[in-house]
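Below is work29.pdb, which holds PDB, C-alpha atoms and all ligand atoms.
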```pdb
ATOM      1  CA  MET J   1      -3.835  14.863  19.788
ATOM      2  CA  THR J   2      -4.934  11.269  19.291
ATOM      3  CA  THR J   3      -8.424  10.722  20.644
ATOM      4  CA  PRO J   4      -9.159   7.089  19.792
ATOM      5  CA  GLY J   5     -12.861   6.908  20.612
ATOM      6  CA  SER J   6     -13.818   9.871  18.466
ATOM      7  CA  ALA J   7     -11.559   8.790  15.592
ATOM      8  CA  ILE J   8     -13.158   5.378  15.104
ATOM      9  CA  ASN J   9     -16.668   6.728  15.630
ATOM     10  CA  GLN J  10     -16.434   9.430  12.988
ATOM     11  CA  LEU J  11     -19.099   9.010  10.331
ATOM     12  CA  PRO J  12     -18.043   9.009   6.677
ATOM     13  CA  GLU J  13     -19.614  12.438   6.124
ATOM     14  CA  ASP J  14     -17.387  13.860   8.885
ATOM     15  CA  ILE J  15     -14.122  12.647   7.320
ATOM     16  CA  PRO J  16     -12.817  15.313   4.932
ATOM     17  CA  VAL J  17     -12.006  14.129   1.412
ATOM     18  CA  LEU J  18      -8.369  14.341   0.360
ATOM     19  CA  ILE J  19      -8.676  12.351  -2.902
ATOM     20  CA  ASP J  20     -12.127  11.515  -4.239
ATOM     21  CA  ALA J  21     -13.198   8.207  -5.808
ATOM     22  CA  ASP J  22     -13.098   9.520  -9.397
ATOM     23  CA  ARG J  23      -9.507  10.728  -9.074
ATOM     24  CA  ILE J  24      -8.513   7.402  -7.543
ATOM     25  CA  ALA J  25     -10.146   5.467 -10.401
ATOM     26  CA  GLN J  26      -8.439   7.639 -13.016
ATOM     27  CA  ARG J  27      -5.005   7.233 -11.437
ATOM     28  CA  VAL J  28      -5.425   3.475 -10.939
ATOM     29  CA  SER J  29      -6.131   3.192 -14.693
ATOM     30  CA  GLU J  30      -2.973   5.143 -15.498
ATOM     31  CA  LEU J  31      -0.903   2.930 -13.185
ATOM     32  CA  ALA J  32      -2.387  -0.192 -14.807
ATOM     33  CA  THR J  33      -1.381   1.115 -18.238
ATOM     34  CA  GLU J  34       2.175   1.761 -17.040
ATOM     35  CA  LEU J  35       2.474  -1.646 -15.378
ATOM     36  CA  GLU J  36       1.019  -3.472 -18.350
ATOM     37  CA  ARG J  37       3.527  -1.797 -20.647
ATOM     38  CA  ASP J  38       6.477  -2.703 -18.385
ATOM     39  CA  LEU J  39       5.382  -6.223 -17.423
ATOM     40  CA  GLY J  40       3.814  -7.357 -20.678
ATOM     41  CA  GLU J  41       6.941  -8.558 -22.444
ATOM     42  CA  LEU J  42       9.117 -10.027 -19.732
ATOM     43  CA  ASP J  43      11.143 -13.238 -19.942
ATOM     44  CA  ALA J  44       9.636 -14.898 -16.843
ATOM     45  CA  GLU J  45       6.352 -15.134 -14.937
ATOM     46  CA  VAL J  46       4.963 -12.124 -13.082
ATOM     47  CA  THR J  47       3.814 -12.306  -9.449
ATOM     48  CA  LEU J  48       1.937  -9.502  -7.738
ATOM     49  CA  VAL J  49       2.504  -9.379  -3.981
ATOM     50  CA  PRO J  50      -0.193  -7.244  -2.316
ATOM     51  CA  VAL J  51       0.618  -6.184   1.235
ATOM     52  CA  MET J  52      -2.420  -6.923   3.381
ATOM     53  CA  THR J  53      -4.619  -5.538   4.613
ATOM     54  CA  GLY J  54      -4.359  -1.941   3.436
ATOM     55  CA  SER J  55      -3.818  -2.665  -0.263
ATOM     56  CA  MET J  56      -6.956  -4.795  -0.697
ATOM     57  CA  LEU J  57      -9.116  -2.225  -2.518
ATOM     58  CA  PHE J  58      -6.220  -0.822  -4.542
ATOM     59  CA  VAL J  59      -5.042  -4.237  -5.752
ATOM     60  CA  SER J  60      -8.553  -5.453  -6.537
ATOM     61  CA  ASP J  61      -9.184  -2.431  -8.781
ATOM     62  CA  LEU J  62      -5.702  -2.584 -10.326
ATOM     63  CA  ILE J  63      -5.699  -6.283 -11.277
ATOM     64  CA  ARG J  64      -9.007  -6.051 -13.088
ATOM     65  CA  GLN J  65      -7.341  -3.661 -15.509
ATOM     66  CA  LEU J  66      -4.096  -5.622 -15.910
ATOM     67  CA  LYS J  67      -4.559  -7.903 -18.889
ATOM     68  CA  ILE J  68      -1.409  -9.955 -18.477
ATOM     69  CA  PRO J  69      -0.854 -13.438 -17.014
ATOM     70  CA  MET J  70       0.114 -13.205 -13.341
ATOM     71  CA  ARG J  71      -0.057 -14.889  -9.963
ATOM     72  CA  ILE J  72      -1.265 -12.994  -6.909
ATOM     73  CA  GLU J  73       0.428 -13.964  -3.629
ATOM     74  CA  PRO J  74      -0.505 -11.699  -0.699
ATOM     75  CA  VAL J  75       1.703 -11.210   2.350
ATOM     76  CA  THR J  76       0.822  -9.543   5.628
ATOM     77  CA  VAL J  77       3.021  -6.893   7.215
ATOM     78  CA  GLN J  78       2.032  -5.057  10.363
ATOM     79  CA  SER J  79       3.620  -1.830  11.508
ATOM     80  CA  TYR J  80       0.755   0.237  12.943
ATOM     81  CA  PRO J  81      -0.792  -2.003  15.625
ATOM     82  CA  GLY J  82      -4.152  -0.773  16.972
ATOM     83  CA  THR J  83      -4.396   2.979  17.367
ATOM     84  CA  ALA J  84      -0.731   3.691  16.485
ATOM     85  CA  THR J  85      -0.267   6.454  13.903
ATOM     86  CA  HIS J  86       3.499   6.103  13.580
ATOM     87  CA  SER J  87       5.303   2.973  12.423
ATOM     88  CA  ARG J  88       6.308   0.706  15.315
ATOM     89  CA  GLY J  89       8.648  -1.196  13.015
ATOM     90  CA  ALA J  90       7.425  -3.379  10.154
ATOM     91  CA  ARG J  91       7.024  -7.100  10.913
ATOM     92  CA  LEU J  92       6.230  -9.785   8.352
ATOM     93  CA  GLN J  93       3.371 -11.976   9.645
ATOM     94  CA  THR J  94       3.308 -14.552   6.821
ATOM     95  CA  PRO J  95       6.081 -16.551   5.127
ATOM     96  CA  ILE J  96       7.525 -15.279   1.836
ATOM     97  CA  PRO J  97       5.811 -17.535  -0.763
ATOM     98  CA  GLU J  98       8.273 -19.953  -2.402
ATOM     99  CA  VAL J  99       6.351 -19.579  -5.687
ATOM    100  CA  LEU J 100       7.983 -16.145  -6.128
ATOM    101  CA  ARG J 101      11.303 -17.823  -6.934
ATOM    102  CA  GLY J 102      12.595 -16.764 -10.330
ATOM    103  CA  THR J 103       9.597 -14.546 -11.124
ATOM    104  CA  HIS J 104       9.252 -10.811 -11.697
ATOM    105  CA  VAL J 105       7.750  -9.587  -8.420
ATOM    106  CA  VAL J 106       5.650  -6.451  -8.023
ATOM    107  CA  ILE J 107       4.969  -5.461  -4.400
ATOM    108  CA  ILE J 108       1.656  -3.581  -4.149
ATOM    109  CA  ASP J 109       1.035  -1.415  -1.084
ATOM    110  CA  ASP J 110      -1.436   1.266  -0.083
ATOM    111  CA  ILE J 111       1.023   3.885   1.160
ATOM    112  CA  LEU J 112       4.745   4.544   1.462
ATOM    113  CA  ASP J 113       5.470   6.320   4.736
ATOM    114  CA  SER J 114       8.649   5.533   6.729
ATOM    115  CA  GLY J 115       9.735   2.977   4.098
ATOM    116  CA  GLY J 116       9.956   0.203   6.710
ATOM    117  CA  THR J 117       7.431  -2.069   4.982
ATOM    118  CA  LEU J 118       9.030  -1.982   1.534
ATOM    119  CA  ASN J 119      12.475  -2.218   3.078
ATOM    120  CA  ILE J 120      11.722  -5.404   5.019
ATOM    121  CA  LEU J 121       9.957  -6.992   2.054
ATOM    122  CA  ARG J 122      12.726  -6.195  -0.399
ATOM    123  CA  ASN J 123      15.280  -7.653   2.031
ATOM    124  CA  LEU J 124      13.320 -10.845   2.804
ATOM    125  CA  LEU J 125      12.394 -11.449  -0.835
ATOM    126  CA  GLY J 126      16.090 -11.976  -1.549
ATOM    127  CA  ALA J 127      15.763 -15.454   0.021
ATOM    128  CA  VAL J 128      13.609 -16.687  -2.893
ATOM    129  CA  GLU J 129      15.834 -15.131  -5.583
ATOM    130  CA  PRO J 130      13.189 -13.379  -7.698
ATOM    131  CA  ARG J 131      14.152 -12.388 -11.249
ATOM    132  CA  SER J 132      13.352  -8.760 -10.399
ATOM    133  CA  VAL J 133      11.500  -6.759  -7.740
ATOM    134  CA  ARG J 134       9.477  -3.565  -8.219
ATOM    135  CA  ALA J 135       7.139  -1.704  -5.897
ATOM    136  CA  CYS J 136       3.871   0.097  -6.634
ATOM    137  CA  VAL J 137       2.054   2.193  -4.036
ATOM    138  CA  LEU J 138      -1.122   4.251  -4.331
ATOM    139  CA  LEU J 139       0.077   6.998  -1.976
ATOM    140  CA  LYS J 140       3.465   8.398  -1.072
ATOM    141  CA  LYS J 141       3.722  10.605   2.021
ATOM    142  CA  SER J 142       5.946  13.659   1.775
ATOM    143  CA  VAL J 143       8.157  12.859   4.782
ATOM    144  CA  THR J 144      11.801  12.240   5.499
ATOM    145  CA  ARG J 145      11.928   8.450   5.396
ATOM    146  CA  SER J 146      13.835   6.465   7.993
ATOM    147  CA  HIS J 147      14.436   3.816   5.293
ATOM    148  CA  GLU J 148      15.536   4.990   1.849
ATOM    149  CA  VAL J 149      13.817   2.513  -0.424
ATOM    150  CA  ASP J 150      13.123   2.273  -4.160
ATOM    151  CA  CYS J 151       9.511   2.592  -5.301
ATOM    152  CA  GLU J 152       9.073   2.467  -9.068
ATOM    153  CA  TYR J 153       5.352   3.342  -9.311
ATOM    154  CA  SER J 154       3.244   5.648  -7.175
ATOM    155  CA  GLY J 155      -0.209   7.170  -7.571
ATOM    156  CA  PHE J 156      -0.298  10.356  -5.512
ATOM    157  CA  ASP J 157       2.093  12.376  -3.351
ATOM    158  CA  ILE J 158       0.226  13.425  -0.198
ATOM    159  CA  PRO J 159       1.084  15.662   2.761
ATOM    160  CA  ASP J 160       2.172  14.180   6.088
ATOM    161  CA  LYS J 161      -1.364  13.505   7.381
ATOM    162  CA  PHE J 162      -2.871  10.321   8.764
ATOM    163  CA  VAL J 163      -5.235   9.116   6.055
ATOM    164  CA  VAL J 164      -7.973   6.483   5.919
ATOM    165  CA  GLY J 165     -10.305   4.953   3.353
ATOM    166  CA  TYR J 166      -9.929   2.914   0.145
ATOM    167  CA  GLY J 167      -8.370   0.149   2.257
ATOM    168  CA  LEU J 168      -6.432   2.274   4.757
ATOM    169  CA  ASP J 169      -7.519   2.055   8.377
ATOM    170  CA  TYR J 170      -7.339   3.624  11.788
ATOM    171  CA  ASP J 171      -7.480   0.826  14.396
ATOM    172  CA  GLY J 172      -9.192  -1.377  11.803
ATOM    173  CA  PHE J 173     -11.919   1.142  10.934
ATOM    174  CA  HIS J 174     -12.688   3.218   7.832
ATOM    175  CA  ARG J 175     -11.202   0.830   5.233
ATOM    176  CA  ASN J 176     -14.578   0.795   3.462
ATOM    177  CA  LEU J 177     -14.664   4.509   2.595
ATOM    178  CA  PRO J 178     -14.618   4.816  -1.215
ATOM    179  CA  TYR J 179     -12.269   7.837  -1.023
ATOM    180  CA  ILE J 180      -9.060   8.831   0.793
ATOM    181  CA  GLY J 181      -9.858  11.078   3.743
ATOM    182  CA  SER J 182      -7.888  12.606   6.590
ATOM    183  CA  LEU J 183      -9.190  11.993  10.084
ATOM    184  CA  ARG J 184      -9.898  14.937  12.310
ATOM    185  CA  ASN J 185      -8.298  14.875  15.777
ATOM    186  CA  ILE J 186      -5.387  12.683  14.617
ATOM    187  CA  GLU J 187      -1.855  13.928  14.275
ATOM    188  CA  SER J 188       0.329  11.969  11.881
TER     189      SER J 188
HETATM  190  P1  LIG P   1       5.827   2.411   6.243
HETATM  191  O1  LIG P   1       6.245   1.013   6.579
HETATM  192  O2  LIG P   1       6.061   3.369   7.388
HETATM  193  O3  LIG P   1       6.339   2.935   4.927
HETATM  194  O4  LIG P   1       4.270   2.452   6.150
HETATM  195  C1  LIG P   1       3.591   1.645   5.342
HETATM  196  C2  LIG P   1       2.414   0.998   6.056
HETATM  197  O5  LIG P   1       1.954   1.734   7.195
HETATM  198  C3  LIG P   1       1.286   0.975   5.089
HETATM  199  O6  LIG P   1       1.233  -0.286   4.475
HETATM  200  C4  LIG P   1       0.074   1.220   5.950
HETATM  201  O7  LIG P   1      -0.424  -0.022   6.364
HETATM  202  C5  LIG P   1       0.561   1.946   7.162
HETATM  203  N1  LIG P   1       0.320   3.421   7.100
HETATM  204  C6  LIG P   1       1.244   4.387   6.909
HETATM  205  N2  LIG P   1       0.689   5.615   6.902
HETATM  206  C7  LIG P   1      -0.633   5.421   7.096
HETATM  207  C8  LIG P   1      -1.762   6.321   7.163
HETATM  208  O8  LIG P   1      -1.675   7.563   7.054
HETATM  209  N3  LIG P   1      -2.974   5.739   7.367
HETATM  210  C9  LIG P   1      -3.144   4.393   7.471
HETATM  211  N4  LIG P   1      -2.123   3.516   7.399
HETATM  212  C10 LIG P   1      -0.873   4.029   7.212
HETATM  213 MG    MG P   2       0.290  -1.807   5.419
END
```
Mind turning this structure into structure tokens?
Amino acid sequence: MTTPGSAINQLPEDIPVLIDADRIAQRVSELATELERDLGELDAEVTLVPVMTGSMLFVSDLIRQLKIPMRIEPVTVQSYPGTATHSRGARLQTPIPEVLRGTHVVIIDDILDSGGTLNILRNLLGAVEPRSVRACVLLKKSVTRSHEVDCEYSGFDIPDKFVVGYGLDYDGFHRNLPYIGSLRNIES
């Protein structure tokens, strides 16, 4: 059962750890190595497109390990307004940057759940004719997705739980936890 008041008031020590900070750091390094290998020798510019706000910690750790020339052009997609714990349909809140035209685009998101976010971005990106599009997420939920969507890089497969921390929120809270935790009292 969703009990909003208690979920946002939980203290960090009351939020059970699903993936600790050391495991996250290790996996982010591995993803950076993979991306650097694949993006290092391409025939056009590379643009990273972090999906705000959830990917902010992930992308800031990732880019500091990516030693290749790139632009970073964030977009904002909202699908979980307020206390929602199921996607209400992904909506793009910012224009697709024109600077992506002709570049190799890498969408960076915190978590792949229903697939709605990646689906809408991949569709809308078509308007600026990128040279290629890939997606990289930190977490992938083990669920039947309503949108079948390609995701070339992912950090961890996780169970179908509502998670917070390392950028992910519940009603705007808990993004600052240094680990991924699962909230008590919340059903995914
Ligand atoms: P999708 O569009 O359903 O694939 O979900 C992707 C977006 O929903 C992510 O970018 C997150 O912002 C949000 N989201 C999905 N699952 C969770 C979760 O367990 N905790 C926090 N945010 C989530
Ligand atoms: Mg998001």
Inset, instruction - Using atom CA of J:Arg184 and atom CA of J:Ile158 as the two end points, give the distance in Å to one decimal. - result: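 About the pair atom CA of J:Arg184 and atom CA of J:Ile158: they are 16.2 Å apart.
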Legend entry - Counting all atoms listed in the file, the residue of J:Pro95, J:Gly89, J:Pro74, J:Pro69 that sits nearest J:Leu39: J:Pro69
Inset, instruction - Find the spatial neighbours of J:Gly115, counting all atoms listed in the file, within a cut-off of 12 Å - ignore same-chain residues fewer than 2 positions away - and output them as a PyMOL selection string. - result: chain J and resi 79+86-90+109+111-113+117-122+135+137+140-151
Legend entry - Residue nearest ligand MG 2 (chain P) - candidates J:Pro159, J:Gly54, J:Pro16, J:Gly102, atoms counted: only C-alpha atoms and all ligand atoms: J:Gly54
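Distances to ligand MG 2 (chain P) were evaluated for J:Lys67, J:Arg134, J:Arg27, J:Arg175 using all atoms listed in the file, and the minimum falls at J:Arg175.
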Legend entry - Computed interatomic separation between atom CA of J:Leu100 and atom CA of J:Leu139 (Å):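 Going from atom CA of J:Leu100 over to atom CA of J:Leu139 covers 24.8 Å.
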Inset, instruction - Considering all atoms listed in the file, return as an NGL selection string whatever protein or nucleic-acid residues lie within 7 Å of J:Ser132, sequence-local ones (same chain, fewer than 2 positions apart) excluded. - result: :J and (103-105 or 130 or 134)
Legend entry - Atom pair atom CA of J:Arg91 / atom O1 of ligand LIG 1 (chain P): separation (Å):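 Separating atom CA of J:Arg91 from atom O1 of ligand LIG 1 (chain P) is a distance of 9.2 Å.
Remark: for ligand MG 2 (chain P), the closest of the candidate residues J:Ile63, J:Gln93, J:Arg23, J:Leu183 is J:Gln93 (distances computed over all atoms listed in the file).
Proximity of J:Leu11, J:Leu35, J:Val99, J:Val163 to J:Ser182, computed with only C-alpha atoms, is greatest for J:Val163.
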Legend entry - Nearest to ligand MG 2 (chain P), chosen from J:Val77, J:Ala127, J:Ile180, J:Met70, with all atoms listed in the file counted in the distances: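 Between J:Val77, J:Ala127, J:Ile180, J:Met70, the residue approaching ligand MG 2 (chain P) most closely is J:Val77.
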Inset, instruction - Using the chain letters and numbers from the file, give me the residues hit by the PyMOL selection byres (((chain J and resi 49) around 7) and not hetatm), as number ranges by chain. - result: J: 47-48, 50-51, 72-75, 105-108
Inset, instruction - Within 12 Å of J:Asp38, counting all atoms listed in the file, which residues show up once you throw out same-chain ones fewer than 6 positions away? Write them as a list in words, please. - result: Leu31, Ala32, Val46, Leu66, Ile68, His104, Val106, Arg134, Glu152 and Tyr153 of chain J
Inset, instruction - May I have the residues at most 10 Å from (-10.6, -2.1, -6.6) in the file's coordinates, counting all atoms listed in the file, as a list in words? - result: Ile24, Ala25, Val28, Ser55, Met56, Leu57, Phe58, Val59, Ser60, Asp61, Leu62, Ile63, Arg64, Gln65, Tyr166, Gly167 and Pro178 of chain J
Let's have the selection written as a PDB file, keeping the file's coordinate frame, with C-alpha atoms.
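Everything below was put into again39.pdb:
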```pdb
ATOM      1  CA  ILE J  24      -8.513   7.402  -7.543  1.00  0.00           C
ATOM      2  CA  ALA J  25     -10.146   5.467 -10.401  1.00  0.00           C
ATOM      3  CA  VAL J  28      -5.425   3.475 -10.939  1.00  0.00           C
ATOM      4  CA  SER J  55      -3.818  -2.665  -0.263  1.00  0.00           C
ATOM      5  CA  MET J  56      -6.956  -4.795  -0.697  1.00  0.00           C
ATOM      6  CA  LEU J  57      -9.116  -2.225  -2.518  1.00  0.00           C
ATOM      7  CA  PHE J  58      -6.220  -0.822  -4.542  1.00  0.00           C
ATOM      8  CA  VAL J  59      -5.042  -4.237  -5.752  1.00  0.00           C
ATOM      9  CA  SER J  60      -8.553  -5.453  -6.537  1.00  0.00           C
ATOM     10  CA  ASP J  61      -9.184  -2.431  -8.781  1.00  0.00           C
ATOM     11  CA  LEU J  62      -5.702  -2.584 -10.326  1.00  0.00           C
ATOM     12  CA  ILE J  63      -5.699  -6.283 -11.277  1.00  0.00           C
ATOM     13  CA  ARG J  64      -9.007  -6.051 -13.088  1.00  0.00           C
ATOM     14  CA  GLN J  65      -7.341  -3.661 -15.509  1.00  0.00           C
ATOM     15  CA  TYR J 166      -9.929   2.914   0.145  1.00  0.00           C
ATOM     16  CA  GLY J 167      -8.370   0.149   2.257  1.00  0.00           C
ATOM     17  CA  PRO J 178     -14.618   4.816  -1.215  1.00  0.00           C
TER      18      PRO J 178
END
```
Once the PyMOL selection byres (((chain J and resi 96) around 8) and not hetatm) is applied to the coordinates I shared, what remains selected? I want it as a PDB file with C-alpha atoms, keeping the file's coordinate frame.
```pdb
ATOM      1  CA  VAL J  75       1.703 -11.210   2.350  1.00  0.00           C
ATOM      2  CA  THR J  94       3.308 -14.552   6.821  1.00  0.00           C
ATOM      3  CA  PRO J  95       6.081 -16.551   5.127  1.00  0.00           C
ATOM      4  CA  PRO J  97       5.811 -17.535  -0.763  1.00  0.00           C
ATOM      5  CA  GLU J  98       8.273 -19.953  -2.402  1.00  0.00           C
ATOM      6  CA  LEU J 124      13.320 -10.845   2.804  1.00  0.00           C
ATOM      7  CA  LEU J 125      12.394 -11.449  -0.835  1.00  0.00           C
ATOM      8  CA  VAL J 128      13.609 -16.687  -2.893  1.00  0.00           C
TER       9      VAL J 128
END
```
Quick one: what's the axis-aligned box for ligand LIG 1 (chain P), all listed atoms, 3 Å on every side, centre and edges in Å to one decimal, as AutoDock Vina command-line options?
```
--center_x 1.6 --center_y 3.6 --center_z 6.0 --size_x 15.5 --size_y 13.8 --size_z 9.0
```
How about completing stretch 12-34 of chain J with N, CA and C atoms and giving it to me as a compact mmCIF listing (two decimals), in the frame of the given file?
```txt
# COMPACT_ATOMS: atom_id res chain seq x y z
N PRO J 12 -18.68 8.67 7.94
CA PRO J 12 -18.04 9.01 6.68
C PRO J 12 -18.21 10.48 6.30
N GLU J 13 -19.39 11.04 6.55
CA GLU J 13 -19.61 12.44 6.12
C GLU J 13 -18.79 13.43 6.94
N ASP J 14 -18.21 12.97 8.06
CA ASP J 14 -17.39 13.86 8.88
C ASP J 14 -15.90 13.73 8.57
N ILE J 15 -15.54 12.84 7.65
CA ILE J 15 -14.12 12.65 7.32
C ILE J 15 -13.82 13.40 6.03
N PRO J 16 -13.04 14.49 6.11
CA PRO J 16 -12.82 15.31 4.93
C PRO J 16 -12.11 14.54 3.81
N VAL J 17 -12.55 14.82 2.58
CA VAL J 17 -12.01 14.13 1.41
C VAL J 17 -10.66 14.74 1.03
N LEU J 18 -9.67 13.88 0.87
CA LEU J 18 -8.37 14.34 0.36
C LEU J 18 -8.28 14.00 -1.13
N ILE J 19 -8.68 12.77 -1.48
CA ILE J 19 -8.68 12.35 -2.90
C ILE J 19 -9.99 11.61 -3.15
N ASP J 20 -10.80 12.13 -4.07
CA ASP J 20 -12.13 11.52 -4.24
C ASP J 20 -12.06 10.26 -5.12
N ALA J 21 -13.17 9.52 -5.15
CA ALA J 21 -13.20 8.21 -5.81
C ALA J 21 -12.90 8.32 -7.31
N ASP J 22 -13.34 9.39 -7.95
CA ASP J 22 -13.10 9.52 -9.40
C ASP J 22 -11.61 9.71 -9.69
N ARG J 23 -10.95 10.52 -8.86
CA ARG J 23 -9.51 10.73 -9.07
C ARG J 23 -8.74 9.44 -8.81
N ILE J 24 -9.18 8.68 -7.82
CA ILE J 24 -8.51 7.40 -7.54
C ILE J 24 -8.66 6.48 -8.76
N ALA J 25 -9.89 6.38 -9.27
CA ALA J 25 -10.15 5.47 -10.40
C ALA J 25 -9.30 5.85 -11.61
N GLN J 26 -9.22 7.14 -11.87
CA GLN J 26 -8.44 7.64 -13.02
C GLN J 26 -6.96 7.26 -12.87
N ARG J 27 -6.44 7.48 -11.67
CA ARG J 27 -5.00 7.23 -11.44
C ARG J 27 -4.69 5.73 -11.44
N VAL J 28 -5.63 4.93 -10.92
CA VAL J 28 -5.42 3.48 -10.94
C VAL J 28 -5.35 2.99 -12.39
N SER J 29 -6.19 3.55 -13.26
CA SER J 29 -6.13 3.19 -14.69
C SER J 29 -4.78 3.53 -15.29
N GLU J 30 -4.28 4.73 -14.95
CA GLU J 30 -2.97 5.14 -15.50
C GLU J 30 -1.86 4.21 -15.01
N LEU J 31 -1.92 3.85 -13.72
CA LEU J 31 -0.90 2.93 -13.18
C LEU J 31 -0.99 1.57 -13.88
N ALA J 32 -2.21 1.10 -14.13
CA ALA J 32 -2.39 -0.19 -14.81
C ALA J 32 -1.77 -0.14 -16.21
N THR J 33 -1.96 0.97 -16.89
CA THR J 33 -1.38 1.12 -18.24
C THR J 33 0.14 1.05 -18.18
N GLU J 34 0.71 1.77 -17.20
CA GLU J 34 2.17 1.76 -17.04
C GLU J 34 2.69 0.36 -16.74
```
